[in-house]
Amino acid sequence: MNTPGTVLDFALPDLGEGLTEAEVVRWFVAVGDEVGVDQPVVEVETAKAVVEVPCPYAGVVTRLCGEPGTTLRVGTPLLSVAATGATATAAAPAAATPAADAPASGTPAAVPPAAAAAAPATAAPAAGTSAGARPATAAPADPAPAGAGAGAGAADPRYDGSGHVLVGYGTAPPPRRRGRAAGADRGDHPEQVRVVSPVVRRLARERAVDLRTLRGTGPDGLILRADVERAARADEPDAVRIPLRGLRGTVADTLTRAHREIPAATAWVDVDATRLLEARRRLSAPATGGAAAADGPGASPRVSLFALLARICTAALAEFPELNSRVDTERQEIVRLSAVHLGLAAHTDRGLVVPVVRDAHRRTLPELAAETERLTTAAREGRLTPAELSGSTFTLNNFGALGVDGSTPLLHHPQAGMLGIGRIVPRVWAVDGRPEIRDVGQFSVTFDHRVCDGGTAAGFLRRVADLVEEPLSLLRLL
């Protein structure tokens, strides 16, 4: 049992599926709030989903490690809790809420001037170490600028007036003594930068601002955060920068790796889907009664086109298993997979996600219909779990839903194949030598040329087309 008053640090837990970091979306608690065991305290976005993280301790929150938008690595402090019974005085040293300029995990934290003056012999915790960790050997403090005492506060050039220590002087010389003109350092050393905090340096890197070109508005020409932001707005008055992190960053990394590592090729064919659409209408029609009976007892299950295409896809993969595989580059082996975990590419407001139908090859058509409906609904509502987004072996991509006829997509690494479905629209089509209006769509297969040649990929695609054009042949598979 935890002794009342003990400050307990809660680190970001392992969220599974090989995830190593998460971004803080919003806090459910604030410093001073009382929490119970397993109470959700923060919502974080991983590379695969947005999840709530519960706290394993009961007590009073004394510290939150990161503003919304901060990326934290698994194992680094998330928050601190004083075990129930701690007094406000005991919790005070750790109760400071991180400021808006707080650096991300792994960057030295800023220390208020008063705290720095009050405890000069106390070593700051190392990056990623919580406030309650064992003390380390005290590091020598930076020499105070000429004319600045221990309580100089904002008069000390190492402070930007907002209570943050400006850590390190970079390549700039120490501040000049009184009597030298402000800004003389820049004139004498145009290539050097005045004292800048890690927060400002990081912001300058992110906004592509050259610090050597700025005239600081802080004490003795110090470059402040506002100076960097002003310069960025002047250089890019109409630009919008969107961080590549969270789901968007994961998609970017996956597709970049697929483009770099996989020699992909695409084949396509126009397919008459008229009979498939008719079969779908018949399968989804109510067994008896009018339209109102569709949701009543004894009604036939609603079968989406996506579910029918999923059944056709698994049937074709059973005949061409080469496409349900991956390449082990370290061992230089093709790994042919026995189970088909079918990924369903879904376009949502948060970007592209690929929920997975587990063991799709073993499911009946009604089971596929129910599972595809559940997953696509969860994708639209942002309720997919990391487990539901991992482990697919082949992807079905209905980009026809976006209103396009065809595409040459990138594979979902490390998969070796993807079946693409373009929009199905009425077109003139030759039937028994006569022109008719039929529902026609473009189907494609994108494949890893390392696992099979074009003949195998074409055979798979042709089998898909045959099943679409003659869906009655699926009856034995339903």
# chains A, B, ... in the order shown; residues from 1 in each chain; ligands from 1
call {"tool": "residues_around", "arguments": {"residues": "stretch 70-85 of chain A", "least_positions_apart": "2", "cutoff": "6 Å", "atoms": "only C-alpha atoms", "output": "MDAnalysis selection string"}}
result
chainID A and resid 4:14 20:24 59:68 104:105 128 130
call {"tool": "select_by_dssp", "arguments": {"residues": "stretch 290-364 of chain A", "states": "strand (DSSP E or B)", "output": "PyMOL selection string"}}
result
chain A and resi 325-328+333-336+342-348+351-353+356-357
call {"tool": "atom_distance", "arguments": {"atom1": "atom CA of A:Ala339", "atom2": "atom CA of A:Pro366"}}
result
19.2 Å
call {"tool": "atom_distance", "arguments": {"atom1": "atom CA of A:Glu470", "atom2": "atom CA of A:Asp405"}}
result
21.4 Å
call {"tool": "closest_residue", "arguments": {"among": "A:Leu461, A:Leu410, A:Val335, A:Ala279", "to": "A:Leu308", "atoms": "only C-alpha atoms"}}
result
A:Ala279
call {"tool": "residues_around", "arguments": {"residues": "stretch 386-402 of chain A", "least_positions_apart": "5", "cutoff": "7 Å", "atoms": "only C-alpha atoms", "output": "list in words"}}
result
Lys48, Ala49, Asn324, Ser325, Val340, His341, Leu342, Gly343, Leu344, Ala345, Val354, Pro355, Val356, Gln415, Gly417, Met418, Leu419, Gly420, Ile421, Gly422 and Arg423 of chain A
call {"tool": "closest_residue", "arguments": {"among": "A:Glu45, A:Asp38, A:Asp33, A:Asp210", "to": "A:Leu384", "atoms": "only C-alpha atoms"}}
result
A:Glu45
call {"tool": "residues_around", "arguments": {"residues": "stretch 225-230 of chain A", "least_positions_apart": "5", "cutoff": "8 Å", "atoms": "only C-alpha atoms", "output": "PyMOL selection string"}}
result
chain A and resi 199-200+203-204+209+211+214-217
call {"tool": "write_last_selection", "arguments": {"atoms": "N, CA, C and O atoms", "output": "mmCIF file, in the first residue's frame"}}
result
data_model
loop_
_atom_site.group_PDB
_atom_site.id
_atom_site.type_symbol
_atom_site.label_atom_id
_atom_site.label_comp_id
_atom_site.auth_asym_id
_atom_site.auth_seq_id
_atom_site.Cartn_x
_atom_site.Cartn_y
_atom_site.Cartn_z
ATOM 1 N N VAL A 199 13.374 25.833 -26.532
ATOM 2 C CA VAL A 199 12.041 25.943 -27.121
ATOM 3 C C VAL A 199 12.090 26.796 -28.379
ATOM 4 O O VAL A 199 11.514 26.452 -29.417
ATOM 5 N N VAL A 200 12.803 27.912 -28.304
ATOM 6 C CA VAL A 200 12.895 28.808 -29.451
ATOM 7 C C VAL A 200 13.703 28.164 -30.568
ATOM 8 O O VAL A 200 13.361 28.274 -31.748
ATOM 9 N N LEU A 203 11.441 25.655 -32.267
ATOM 10 C CA LEU A 203 10.431 26.324 -33.070
ATOM 11 C C LEU A 203 11.038 26.857 -34.367
ATOM 12 O O LEU A 203 10.428 26.767 -35.434
ATOM 13 N N ALA A 204 12.249 27.386 -34.289
ATOM 14 C CA ALA A 204 12.909 27.901 -35.486
ATOM 15 C C ALA A 204 13.176 26.794 -36.486
ATOM 16 O O ALA A 204 13.011 26.972 -37.698
ATOM 17 N N VAL A 209 13.134 28.916 -39.875
ATOM 18 C CA VAL A 209 13.577 30.298 -39.693
ATOM 19 C C VAL A 209 15.059 30.299 -39.337
ATOM 20 O O VAL A 209 15.492 29.596 -38.423
ATOM 21 N N LEU A 211 17.897 31.744 -37.498
ATOM 22 C CA LEU A 211 18.034 32.615 -36.331
ATOM 23 C C LEU A 211 19.066 33.710 -36.546
ATOM 24 O O LEU A 211 19.003 34.774 -35.922
ATOM 25 N N LEU A 214 17.683 37.246 -37.497
ATOM 26 C CA LEU A 214 16.714 37.928 -36.645
ATOM 27 C C LEU A 214 17.366 38.939 -35.720
ATOM 28 O O LEU A 214 18.506 38.754 -35.279
ATOM 29 N N ARG A 215 16.641 39.999 -35.419
ATOM 30 C CA ARG A 215 17.017 40.954 -34.378
ATOM 31 C C ARG A 215 16.098 40.700 -33.195
ATOM 32 O O ARG A 215 14.886 40.909 -33.274
ATOM 33 N N GLY A 216 16.665 40.216 -32.113
ATOM 34 C CA GLY A 216 15.859 39.865 -30.956
ATOM 35 C C GLY A 216 15.283 41.081 -30.266
ATOM 36 O O GLY A 216 15.897 42.145 -30.218
ATOM 37 N N THR A 217 14.099 40.914 -29.693
ATOM 38 C CA THR A 217 13.450 41.992 -28.957
ATOM 39 C C THR A 217 13.536 41.803 -27.449
ATOM 40 O O THR A 217 12.960 42.596 -26.695
#
